[in-house]
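So this one's work_34.txt, compact mmCIF, C-alpha atoms and all ligand atoms:
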```
# COMPACT_ATOMS: atom_id res chain seq x y z
CA MET A 152 0.59 19.20 -5.43
CA THR A 153 4.00 20.48 -6.47
CA SER A 154 4.38 22.27 -3.16
CA VAL A 155 3.63 19.04 -1.32
CA LEU A 156 6.35 17.25 -3.24
CA MET A 157 8.86 20.11 -3.01
CA HIS A 158 8.33 20.20 0.70
CA GLY A 159 9.10 16.50 0.79
CA LEU A 160 12.10 16.71 -1.45
CA ALA A 161 13.60 19.52 0.58
CA ASP A 162 13.17 17.41 3.69
CA GLY A 163 15.19 14.46 2.52
CA ALA A 164 13.31 12.15 0.20
CA ALA A 165 16.60 10.34 -0.33
CA GLY A 166 16.11 8.47 2.91
CA VAL A 167 16.16 8.58 6.68
CA ALA A 168 19.06 6.77 8.30
CA HIS A 169 18.98 4.77 11.52
CA PRO A 170 22.09 4.49 13.69
CA ASN A 171 22.26 0.72 13.04
CA GLY A 172 22.91 1.34 9.34
CA THR A 173 19.39 0.72 8.08
CA VAL A 174 17.61 3.37 6.04
CA ARG A 175 14.04 4.35 5.34
CA ARG A 176 13.77 4.85 1.59
CA LEU A 177 11.06 5.42 -0.96
CA PRO A 178 9.71 1.99 -1.90
CA ASP A 179 11.40 0.16 -4.75
CA ILE A 180 8.24 -1.90 -5.15
CA VAL A 181 4.61 -0.85 -4.79
CA ILE A 182 1.78 -3.37 -4.66
CA ILE A 183 -0.93 -1.21 -6.20
CA GLY A 184 -3.87 -3.60 -5.87
CA VAL A 185 -6.38 -4.78 -6.54
CA ARG A 186 -8.51 -4.71 -3.43
CA LYS A 187 -9.34 -8.35 -2.51
CA GLY A 188 -6.96 -9.61 -5.16
CA GLY A 189 -4.71 -11.32 -2.64
CA THR A 190 -2.51 -8.33 -1.79
CA ARG A 191 -1.86 -9.42 1.80
CA ALA A 192 -0.87 -12.91 0.73
CA LEU A 193 1.45 -11.44 -1.88
CA ILE A 194 3.30 -9.08 0.46
CA GLU A 195 3.61 -11.78 3.14
CA MET A 196 4.98 -14.24 0.60
CA LEU A 197 7.39 -11.70 -0.82
CA SER A 198 8.59 -10.92 2.71
CA LEU A 199 9.89 -14.49 2.95
CA HIS A 200 12.78 -13.16 0.88
CA GLY A 201 15.66 -11.86 2.96
CA ASP A 202 16.30 -8.96 0.58
CA VAL A 203 12.80 -7.53 0.97
CA ALA A 204 11.68 -5.15 3.70
CA ALA A 205 7.93 -4.52 3.79
CA ALA A 206 5.90 -1.65 5.26
CA GLU A 207 3.69 -3.06 7.96
CA ASN A 208 0.46 -1.20 7.22
CA GLU A 209 -1.38 -0.03 4.15
CA VAL A 210 0.03 3.44 3.60
CA HIS A 211 -2.65 5.24 1.52
CA PHE A 212 -0.28 8.09 0.72
CA PHE A 213 -1.27 8.83 -2.87
CA ASP A 214 -5.01 8.24 -2.53
CA TRP A 215 -5.87 9.91 0.77
CA GLU A 216 -5.60 13.69 0.67
CA SER A 217 -5.01 13.90 4.42
CA HIS A 218 -1.91 11.72 4.01
CA PHE A 219 -0.72 13.23 0.75
CA GLN A 220 -0.78 16.73 2.22
CA LYS A 221 1.71 15.61 4.85
CA GLY A 222 4.33 15.28 2.11
CA LEU A 223 7.18 12.89 1.49
CA PRO A 224 8.67 12.99 5.00
CA TRP A 225 5.46 11.42 6.25
CA TYR A 226 5.51 8.85 3.43
CA LEU A 227 9.08 7.93 4.32
CA SER A 228 8.12 7.62 7.98
CA GLN A 229 5.76 4.79 6.97
CA MET A 230 8.54 2.80 5.34
CA PRO A 231 10.47 0.05 7.09
CA TYR A 232 14.14 0.49 7.95
CA ALA A 233 15.95 -1.47 5.25
CA LEU A 234 19.49 -2.82 5.08
CA PRO A 235 21.68 -1.74 2.16
CA GLY A 236 20.75 -4.02 -0.74
CA GLN A 237 17.27 -4.73 0.54
CA LEU A 238 14.25 -3.69 -1.52
CA THR A 239 11.48 -1.82 0.23
CA VAL A 240 7.85 -2.58 -0.57
CA GLU A 241 4.57 -0.98 0.39
CA LYS A 242 1.06 -2.14 -0.52
CA THR A 243 -2.06 -0.09 -0.79
CA PRO A 244 -4.73 -2.00 -2.75
CA ALA A 245 -6.84 1.11 -3.33
CA TYR A 246 -4.11 2.70 -5.51
CA PHE A 247 -5.08 0.67 -8.57
CA THR A 248 -8.60 2.08 -8.83
CA SER A 249 -7.87 5.65 -7.71
CA SER A 250 -7.58 7.82 -10.83
CA LYS A 251 -5.16 10.37 -9.34
CA VAL A 252 -2.64 7.85 -8.03
CA PRO A 253 -0.68 6.86 -11.19
CA ARG A 254 0.32 10.46 -11.95
CA ARG A 255 1.26 11.20 -8.36
CA LEU A 256 3.26 8.03 -7.96
CA GLN A 257 5.05 8.63 -11.25
CA GLN A 258 6.08 12.12 -10.12
CA VAL A 259 7.42 10.90 -6.79
CA ASN A 260 8.81 7.52 -7.71
CA PRO A 261 9.10 7.02 -11.49
CA GLY A 262 11.44 4.05 -11.18
CA ALA A 263 9.15 2.03 -8.90
CA LYS A 264 8.37 -1.53 -9.90
CA LEU A 265 4.66 -2.13 -9.63
CA LEU A 266 2.94 -5.36 -8.66
CA LEU A 267 -0.71 -5.79 -9.48
CA ILE A 268 -2.47 -8.91 -8.26
CA LEU A 269 -5.78 -9.65 -9.97
CA ARG A 270 -8.28 -12.43 -9.71
CA ASP A 271 -11.41 -13.37 -11.59
CA PRO A 272 -13.42 -10.11 -11.63
CA THR A 273 -16.66 -11.85 -10.59
CA GLU A 274 -14.96 -13.60 -7.67
CA ARG A 275 -13.39 -10.29 -6.72
CA VAL A 276 -16.81 -8.62 -6.58
CA LEU A 277 -18.10 -11.36 -4.26
CA SER A 278 -15.03 -11.00 -2.08
CA ASP A 279 -15.45 -7.22 -1.98
CA TYR A 280 -19.12 -7.61 -1.03
CA THR A 281 -18.16 -10.10 1.70
CA GLN A 282 -15.61 -7.70 3.17
CA VAL A 283 -18.11 -4.84 3.31
CA TYR A 284 -20.75 -7.19 4.72
CA HIS A 285 -18.44 -8.22 7.59
CA ASN A 286 -17.42 -4.63 8.31
CA ARG A 287 -21.07 -3.58 8.51
CA LEU A 288 -21.88 -6.55 10.71
CA LEU A 289 -19.14 -5.47 13.14
CA LYS A 290 -20.60 -1.95 13.27
CA HIS A 291 -24.14 -3.36 13.72
CA LYS A 292 -25.15 -1.73 10.44
CA GLN A 293 -27.71 -3.09 8.01
CA HIS A 294 -26.60 -4.69 4.79
CA GLN A 295 -28.34 -5.33 1.49
CA PRO A 296 -28.60 -8.89 0.15
CA ILE A 297 -26.05 -9.44 -2.60
CA GLU A 298 -28.61 -9.97 -5.37
CA GLU A 299 -30.10 -6.55 -4.66
CA VAL A 300 -26.72 -4.88 -4.88
CA LEU A 301 -25.67 -6.62 -8.06
CA VAL A 302 -28.80 -6.36 -10.16
CA LEU A 303 -31.22 -3.49 -10.78
CA LYS A 304 -35.01 -3.93 -10.69
CA ASP A 305 -35.10 -3.97 -14.51
CA GLY A 306 -32.77 -6.98 -14.48
CA GLY A 307 -29.65 -5.08 -15.65
CA VAL A 308 -26.30 -5.24 -13.89
CA ASN A 309 -25.96 -2.41 -11.37
CA LEU A 310 -23.20 -0.28 -12.88
CA GLY A 311 -23.40 2.08 -9.93
CA TYR A 312 -22.08 -0.60 -7.58
CA LYS A 313 -18.52 0.43 -6.70
CA ALA A 314 -17.29 -3.13 -6.34
CA LEU A 315 -18.31 -3.78 -9.92
CA ASN A 316 -16.34 -0.78 -11.14
CA ARG A 317 -13.23 -1.95 -9.29
CA SER A 318 -13.37 -5.17 -11.31
CA LEU A 319 -13.30 -3.29 -14.64
CA TYR A 320 -9.57 -3.80 -14.78
CA TYR A 321 -8.97 -2.35 -18.24
CA VAL A 322 -10.43 1.04 -17.23
CA HIS A 323 -7.95 1.43 -14.40
CA MET A 324 -5.07 -0.15 -16.29
CA GLN A 325 -5.44 2.36 -19.11
CA ASN A 326 -4.86 5.12 -16.59
CA TRP A 327 -1.72 3.43 -15.19
CA LEU A 328 -0.31 2.91 -18.66
CA ARG A 329 -0.49 6.65 -19.29
CA HIS A 330 2.14 7.08 -16.59
CA PHE A 331 4.12 3.83 -16.36
CA PRO A 332 5.47 1.56 -19.10
CA LEU A 333 3.91 -1.89 -19.24
CA ASP A 334 7.24 -3.53 -18.44
CA SER A 335 7.34 -1.83 -15.04
CA ILE A 336 4.04 -3.48 -14.04
CA HIS A 337 3.97 -7.19 -13.23
CA VAL A 338 0.51 -8.72 -13.07
CA VAL A 339 0.25 -11.54 -10.56
CA ASP A 340 -2.42 -14.14 -11.21
CA GLY A 341 -4.30 -14.09 -7.90
CA ASP A 342 -6.31 -17.24 -8.68
CA ALA A 343 -3.09 -19.13 -9.40
CA LEU A 344 -1.56 -17.73 -6.21
CA ILE A 345 -4.44 -19.28 -4.25
CA ARG A 346 -4.18 -22.66 -6.01
CA ASP A 347 -0.41 -22.96 -5.92
CA PRO A 348 1.52 -19.92 -4.67
CA PHE A 349 5.09 -21.06 -5.29
CA PRO A 350 5.27 -20.67 -9.11
CA GLU A 351 3.58 -17.25 -8.94
CA VAL A 352 5.98 -16.06 -6.25
CA LYS A 353 8.96 -17.26 -8.30
CA ARG A 354 7.71 -15.15 -11.22
CA VAL A 355 7.60 -12.14 -8.91
CA GLU A 356 11.12 -12.90 -7.67
CA ARG A 357 12.33 -12.96 -11.29
CA PHE A 358 10.51 -9.75 -12.23
CA LEU A 359 12.15 -7.99 -9.29
CA ARG A 360 15.54 -9.47 -10.19
CA LEU A 361 15.87 -10.88 -6.71
CA GLU A 362 18.31 -13.69 -6.09
CA PRO A 363 16.25 -16.93 -6.03
CA GLN A 364 15.66 -17.59 -2.36
CA ILE A 365 12.02 -18.48 -1.79
CA ASN A 366 11.43 -22.21 -2.17
CA ALA A 367 8.58 -24.73 -2.25
CA ALA A 368 9.14 -25.66 1.41
CA ASN A 369 8.07 -22.12 2.38
CA PHE A 370 4.47 -23.10 1.57
CA TYR A 371 2.20 -25.81 2.89
CA PHE A 372 -1.50 -26.39 2.41
CA ASN A 373 -3.54 -26.02 5.59
CA ARG A 374 -6.71 -28.13 5.32
CA THR A 375 -8.47 -26.34 8.15
CA LYS A 376 -7.97 -22.94 6.57
CA GLY A 377 -8.41 -24.26 3.04
CA PHE A 378 -5.49 -22.13 1.83
CA TYR A 379 -1.73 -22.27 1.64
CA CYS A 380 0.09 -21.00 4.71
CA LEU A 381 3.71 -19.94 5.16
CA ARG A 382 6.70 -21.64 6.72
CA ASP A 383 9.43 -19.19 7.56
CA HIS A 384 12.60 -20.41 9.32
CA GLY A 385 10.61 -23.30 10.79
CA ARG A 386 7.73 -21.09 12.00
CA GLU A 387 4.34 -21.78 10.44
CA ARG A 388 1.65 -19.17 10.00
CA CYS A 389 -1.54 -18.64 8.04
CA LEU A 390 -3.08 -15.35 7.03
CA HIS A 391 -5.60 -13.68 9.32
CA ASP A 392 -9.14 -15.11 9.47
CA SER A 393 -10.40 -12.18 7.42
CA LYS A 394 -8.46 -13.61 4.46
CA GLY A 395 -10.16 -16.56 2.85
CA ARG A 396 -13.73 -16.01 4.00
CA ALA A 397 -16.70 -17.91 2.62
CA HIS A 398 -18.57 -15.92 -0.02
CA PRO A 399 -22.36 -15.67 -0.17
CA ARG A 400 -24.23 -18.08 -2.40
CA VAL A 401 -25.46 -16.25 -5.48
CA ALA A 402 -28.28 -17.50 -7.72
CA PRO A 403 -26.72 -19.15 -10.82
CA ASP A 404 -28.55 -16.88 -13.29
CA ILE A 405 -27.16 -13.78 -11.57
CA LEU A 406 -23.69 -15.26 -11.50
CA GLN A 407 -23.97 -15.98 -15.22
CA LYS A 408 -25.09 -12.41 -15.81
CA LEU A 409 -21.94 -11.18 -14.06
CA TYR A 410 -19.65 -13.50 -15.98
CA ARG A 411 -21.23 -12.33 -19.23
CA PHE A 412 -20.95 -8.72 -18.15
CA PHE A 413 -17.22 -9.00 -17.52
CA HIS A 414 -16.45 -10.89 -20.72
CA GLU A 415 -15.80 -7.82 -22.90
CA PRO A 416 -13.99 -5.74 -20.24
CA ASN A 417 -11.75 -8.76 -19.60
CA ARG A 418 -10.94 -9.07 -23.28
CA LYS A 419 -9.96 -5.39 -23.35
CA PHE A 420 -7.71 -5.93 -20.36
CA PHE A 421 -6.02 -8.95 -21.98
CA GLU A 422 -5.36 -6.84 -25.06
CA LEU A 423 -3.83 -4.05 -22.97
CA VAL A 424 -1.40 -6.33 -21.16
CA GLY A 425 -0.77 -8.76 -24.03
CA ARG A 426 -1.66 -11.76 -21.91
CA THR A 427 -4.78 -13.76 -21.07
CA PHE A 428 -6.08 -15.02 -17.74
CA ASP A 429 -8.33 -17.91 -16.92
CA TRP A 430 -11.33 -15.73 -16.02
CA ASN A 431 -14.26 -16.85 -18.16
P1 LIG B 501 -11.44 -13.97 0.22
O1 LIG B 501 -11.37 -13.68 1.68
O2 LIG B 501 -12.59 -13.37 -0.45
O3 LIG B 501 -11.32 -15.43 -0.09
P2 LIG B 501 -6.60 -8.96 -0.01
O4 LIG B 501 -5.47 -9.35 0.89
O5 LIG B 501 -6.14 -8.19 -1.21
O6 LIG B 501 -7.71 -8.32 0.74
O7 LIG B 501 -7.18 -10.30 -0.64
C1 LIG B 501 -7.86 -11.22 0.14
C2 LIG B 501 -7.95 -12.50 -0.64
O8 LIG B 501 -6.68 -13.14 -0.69
C3 LIG B 501 -8.85 -13.54 0.00
O9 LIG B 501 -10.14 -13.29 -0.46
C4 LIG B 501 -8.24 -14.87 -0.48
O10 LIG B 501 -9.02 -15.52 -1.44
C5 LIG B 501 -6.92 -14.46 -1.12
N1 LIG B 501 -5.78 -15.28 -0.74
C6 LIG B 501 -4.78 -15.60 -1.60
N2 LIG B 501 -3.91 -16.41 -1.01
C7 LIG B 501 -4.34 -16.60 0.26
C8 LIG B 501 -3.82 -17.35 1.35
N3 LIG B 501 -2.71 -18.05 1.22
N4 LIG B 501 -4.51 -17.33 2.52
C9 LIG B 501 -5.67 -16.63 2.61
N5 LIG B 501 -6.19 -15.88 1.61
C10 LIG B 501 -5.54 -15.87 0.44
```
Encoded form using structure tokens:
Amino acid sequence: MTSVLMHGLADGAAGVAHPNGTVRRLPDIVIIGVRKGGTRALIEMLSLHGDVAAAENEVHFFDWESHFQKGLPWYLSQMPYALPGQLTVEKTPAYFTSSKVPRRLQQVNPGAKLLLILRDPTERVLSDYTQVYHNRLLKHKQHQPIEEVLVLKDGGVNLGYKALNRSLYYVHMQNWLRHFPLDSIHVVDGDALIRDPFPEVKRVERFLRLEPQINAANFYFNRTKGFYCLRDHGRERCLHDSKGRAHPRVAPDILQKLYRFFHEPNRKFFELVGRTFDWN
């Protein structure tokens, strides 16, 4: 790995300048996850701020070997051109649950401010399932009914189900805290962001020490979509249809099983971050 980083450093990790005075820099802010936590909503809302420049796509630099091997010049090439004084942000939701990412990110960008958006772990599992279900549908692939994926034949929760593991927040958080101090990680309440985005976004603005710029008028509730949408310089837009999909109906006893299952892992997470969430 060192050679990958050295290669990058030698090739100008400090930034790539554009003739118009903008620069591609390592991100000041990384949205590390969680998958289906509301990461797209968060980056879009943060981009309402004039001092924020966001990478367009999910970068997957630290978690995909094929990208990581390309070194820092490639990483920089994925960053937006930013004006002096602007903060650059990238989001890759898979970073949070990839065990090798915290160490790699710390080596490359120890001063990064990290945003982690989480939602109720059970809801997140259903959202994760729904995403995979839609992807498989598009590829004309078969899918398993949700009950079969969640619960084993003996009635126990299926610990082998990846989506379940991704919702064990404390496991992944422990790994991040080995490499980053808690005060460099701001946890965004993804359920609150759905219900009423403005206060959550203000908290993010404060954490990033951005001048207060985003205001309540930037958000309006769209009844058709059933979610808040954005108003930016008079232009209104909602997130893509793939954000805010209906989840499958799950039998109440299975849902209860999941809520019970997550109770203890949630408590451990609350202890780690010194804060509670309205999860169960
Ligand atoms: P669902 O589609 O399961 O409802 P991510 O961008 O990390 O993939 O997260 C997707 C989730 O963002 C959606 O999950 C949705 O609940 C949530 N979300 C939060 N705010 C939203 C908004 N304003 N519009 C649409 N989806 C939003």
| said: For range 403-420 of chain A, find every residue with an atom within 7 Å (counting all atoms listed in the file), except residues of its own chain fewer than 4 positions away, and show them as number ranges by chain. | reply: A: 273, 319-321, 424, 431
Keeping only C-alpha atoms, write the selected residues as a tab-separated table (two decimals), keeping the file's coordinate frame.
```
chain	number	residue	atom	x	y	z
A	273	THR	CA	-16.66	-11.85	-10.59
A	319	LEU	CA	-13.30	-3.29	-14.64
A	320	TYR	CA	-9.57	-3.80	-14.78
A	321	TYR	CA	-8.97	-2.35	-18.24
A	424	VAL	CA	-1.40	-6.33	-21.16
A	431	ASN	CA	-14.26	-16.85	-18.16
```
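CA of Asp340 in chain A is positioned 17.5 Å from CA of Cys380 in chain A.
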Could you produce a table of the residues of chain A lying within 9 Å of ligand LIG 501 (chain B), with the nearest pair of atoms per residue and their separation in Å rounded to one decimal, using all atoms listed in the file, ordered by chain and increasing residue number, as CSV?
```
residue,atom,partner,partner_atom,distance
A:Gly184,CA,B:LIG501,O5,6.9
A:Val185,CA,B:LIG501,O5,6.3
A:Arg186,CA,B:LIG501,O5,4.8
A:Lys187,CA,B:LIG501,O5,3.5
A:Gly188,CA,B:LIG501,O5,4.3
A:Gly189,CA,B:LIG501,O8,3.3
A:Thr190,CA,B:LIG501,O5,3.7
A:Arg191,CA,B:LIG501,O4,3.7
A:Ala192,CA,B:LIG501,N2,5.0
A:Leu193,CA,B:LIG501,N2,7.4
A:Ile194,CA,B:LIG501,O4,8.8
A:Met196,CA,B:LIG501,N3,8.6
A:Pro244,CA,B:LIG501,O5,6.5
A:Ile268,CA,B:LIG501,O5,8.0
A:Leu269,CA,B:LIG501,O5,8.9
A:Arg270,CA,B:LIG501,O10,8.9
A:Glu274,CA,B:LIG501,O2,7.6
A:Arg275,CA,B:LIG501,O2,7.0
A:Val276,CA,B:LIG501,O2,8.8
A:Leu277,CA,B:LIG501,O2,7.0
A:Ser278,CA,B:LIG501,O2,3.8
A:Asp279,CA,B:LIG501,O2,7.0
A:Tyr280,CA,B:LIG501,O2,8.7
A:Thr281,CA,B:LIG501,O2,6.8
A:Gln282,CA,B:LIG501,O2,7.4
A:Gly341,CA,B:LIG501,C6,6.5
A:Asp342,CA,B:LIG501,C6,7.4
A:Ala343,CA,B:LIG501,C6,8.7
A:Leu344,CA,B:LIG501,N2,5.9
A:Ile345,CA,B:LIG501,N2,4.4
A:Arg346,CA,B:LIG501,N2,8.0
A:Asp347,CA,B:LIG501,N2,8.9
A:Pro348,CA,B:LIG501,N2,7.4
A:Phe370,CA,B:LIG501,N3,8.8
A:Phe372,CA,B:LIG501,N3,8.5
A:Lys376,CA,B:LIG501,N4,7.7
A:Gly377,CA,B:LIG501,N4,8.0
A:Phe378,CA,B:LIG501,N4,4.9
A:Tyr379,CA,B:LIG501,N3,4.4
A:Cys380,CA,B:LIG501,N3,5.4
A:Leu381,CA,B:LIG501,N3,7.8
A:Cys389,CA,B:LIG501,N4,6.4
A:Leu390,CA,B:LIG501,N4,5.1
A:His391,CA,B:LIG501,C9,7.3
A:Asp392,CA,B:LIG501,C9,7.8
A:Ser393,CA,B:LIG501,O1,6.0
A:Lys394,CA,B:LIG501,O1,4.0
A:Gly395,CA,B:LIG501,O1,3.3
A:Arg396,CA,B:LIG501,O1,4.0
A:Ala397,CA,B:LIG501,O3,6.5
A:His398,CA,B:LIG501,O2,6.5
```
Write the residues you've just listed into a file as a PDB file, in the frame of the given file, and include C-alpha atoms for each of them.
```
ATOM      1  CA  GLY A 184      -3.870  -3.600  -5.870  1.00  0.00           C
ATOM      2  CA  VAL A 185      -6.380  -4.780  -6.540  1.00  0.00           C
ATOM      3  CA  ARG A 186      -8.510  -4.710  -3.430  1.00  0.00           C
ATOM      4  CA  LYS A 187      -9.340  -8.350  -2.510  1.00  0.00           C
ATOM      5  CA  GLY A 188      -6.960  -9.610  -5.160  1.00  0.00           C
ATOM      6  CA  GLY A 189      -4.710 -11.320  -2.640  1.00  0.00           C
ATOM      7  CA  THR A 190      -2.510  -8.330  -1.790  1.00  0.00           C
ATOM      8  CA  ARG A 191      -1.860  -9.420   1.800  1.00  0.00           C
ATOM      9  CA  ALA A 192      -0.870 -12.910   0.730  1.00  0.00           C
ATOM     10  CA  LEU A 193       1.450 -11.440  -1.880  1.00  0.00           C
ATOM     11  CA  ILE A 194       3.300  -9.080   0.460  1.00  0.00           C
ATOM     12  CA  MET A 196       4.980 -14.240   0.600  1.00  0.00           C
ATOM     13  CA  PRO A 244      -4.730  -2.000  -2.750  1.00  0.00           C
ATOM     14  CA  ILE A 268      -2.470  -8.910  -8.260  1.00  0.00           C
ATOM     15  CA  LEU A 269      -5.780  -9.650  -9.970  1.00  0.00           C
ATOM     16  CA  ARG A 270      -8.280 -12.430  -9.710  1.00  0.00           C
ATOM     17  CA  GLU A 274     -14.960 -13.600  -7.670  1.00  0.00           C
ATOM     18  CA  ARG A 275     -13.390 -10.290  -6.720  1.00  0.00           C
ATOM     19  CA  VAL A 276     -16.810  -8.620  -6.580  1.00  0.00           C
ATOM     20  CA  LEU A 277     -18.100 -11.360  -4.260  1.00  0.00           C
ATOM     21  CA  SER A 278     -15.030 -11.000  -2.080  1.00  0.00           C
ATOM     22  CA  ASP A 279     -15.450  -7.220  -1.980  1.00  0.00           C
ATOM     23  CA  TYR A 280     -19.120  -7.610  -1.030  1.00  0.00           C
ATOM     24  CA  THR A 281     -18.160 -10.100   1.700  1.00  0.00           C
ATOM     25  CA  GLN A 282     -15.610  -7.700   3.170  1.00  0.00           C
ATOM     26  CA  GLY A 341      -4.300 -14.090  -7.900  1.00  0.00           C
ATOM     27  CA  ASP A 342      -6.310 -17.240  -8.680  1.00  0.00           C
ATOM     28  CA  ALA A 343      -3.090 -19.130  -9.400  1.00  0.00           C
ATOM     29  CA  LEU A 344      -1.560 -17.730  -6.210  1.00  0.00           C
ATOM     30  CA  ILE A 345      -4.440 -19.280  -4.250  1.00  0.00           C
ATOM     31  CA  ARG A 346      -4.180 -22.660  -6.010  1.00  0.00           C
ATOM     32  CA  ASP A 347      -0.410 -22.960  -5.920  1.00  0.00           C
ATOM     33  CA  PRO A 348       1.520 -19.920  -4.670  1.00  0.00           C
ATOM     34  CA  PHE A 370       4.470 -23.100   1.570  1.00  0.00           C
ATOM     35  CA  PHE A 372      -1.500 -26.390   2.410  1.00  0.00           C
ATOM     36  CA  LYS A 376      -7.970 -22.940   6.570  1.00  0.00           C
ATOM     37  CA  GLY A 377      -8.410 -24.260   3.040  1.00  0.00           C
ATOM     38  CA  PHE A 378      -5.490 -22.130   1.830  1.00  0.00           C
ATOM     39  CA  TYR A 379      -1.730 -22.270   1.640  1.00  0.00           C
ATOM     40  CA  CYS A 380       0.090 -21.000   4.710  1.00  0.00           C
ATOM     41  CA  LEU A 381       3.710 -19.940   5.160  1.00  0.00           C
ATOM     42  CA  CYS A 389      -1.540 -18.640   8.040  1.00  0.00           C
ATOM     43  CA  LEU A 390      -3.080 -15.350   7.030  1.00  0.00           C
ATOM     44  CA  HIS A 391      -5.600 -13.680   9.320  1.00  0.00           C
ATOM     45  CA  ASP A 392      -9.140 -15.110   9.470  1.00  0.00           C
ATOM     46  CA  SER A 393     -10.400 -12.180   7.420  1.00  0.00           C
ATOM     47  CA  LYS A 394      -8.460 -13.610   4.460  1.00  0.00           C
ATOM     48  CA  GLY A 395     -10.160 -16.560   2.850  1.00  0.00           C
ATOM     49  CA  ARG A 396     -13.730 -16.010   4.000  1.00  0.00           C
ATOM     50  CA  ALA A 397     -16.700 -17.910   2.620  1.00  0.00           C
ATOM     51  CA  HIS A 398     -18.570 -15.920  -0.020  1.00  0.00           C
TER      52      HIS A 398
END
```
| So how many Å separate CA of Ser228 in chain A and CA of Leu359 in chain A, to one decimal? |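 Separation between CA of Ser228 in chain A and CA of Leu359 in chain A: 23.6 Å.
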| field | Test item: residues at most 12 Å from Glu216 in chain A, all atoms listed in the file, excluding those fewer than 3 positions along its chain, as a VMD selection string | value | chain A and resid 152 155 211 to 213 219 to 222 249 251 to 252 255
| Among listed residues A:Val302, A:Ala205, A:Leu223, A:Val322, nearest Leu256 in chain A (using all atoms listed in the file) |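 Checking each candidate against Leu256 in chain A, we get A:Leu223 as the closest.
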| query | Expressed in Å to a single decimal, how great is the separation between CA of Ser318 in chain A and CA of Asp334 in chain A? | reply |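 Computing the Euclidean distance for CA of Ser318 in chain A and CA of Asp334 in chain A yields 21.9 Å.
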| So which one's closest to Ile336 in chain A, A:Arg254, A:Arg176, A:Lys264, A:Lys313? Using all atoms listed in the file, please. | A:Lys264
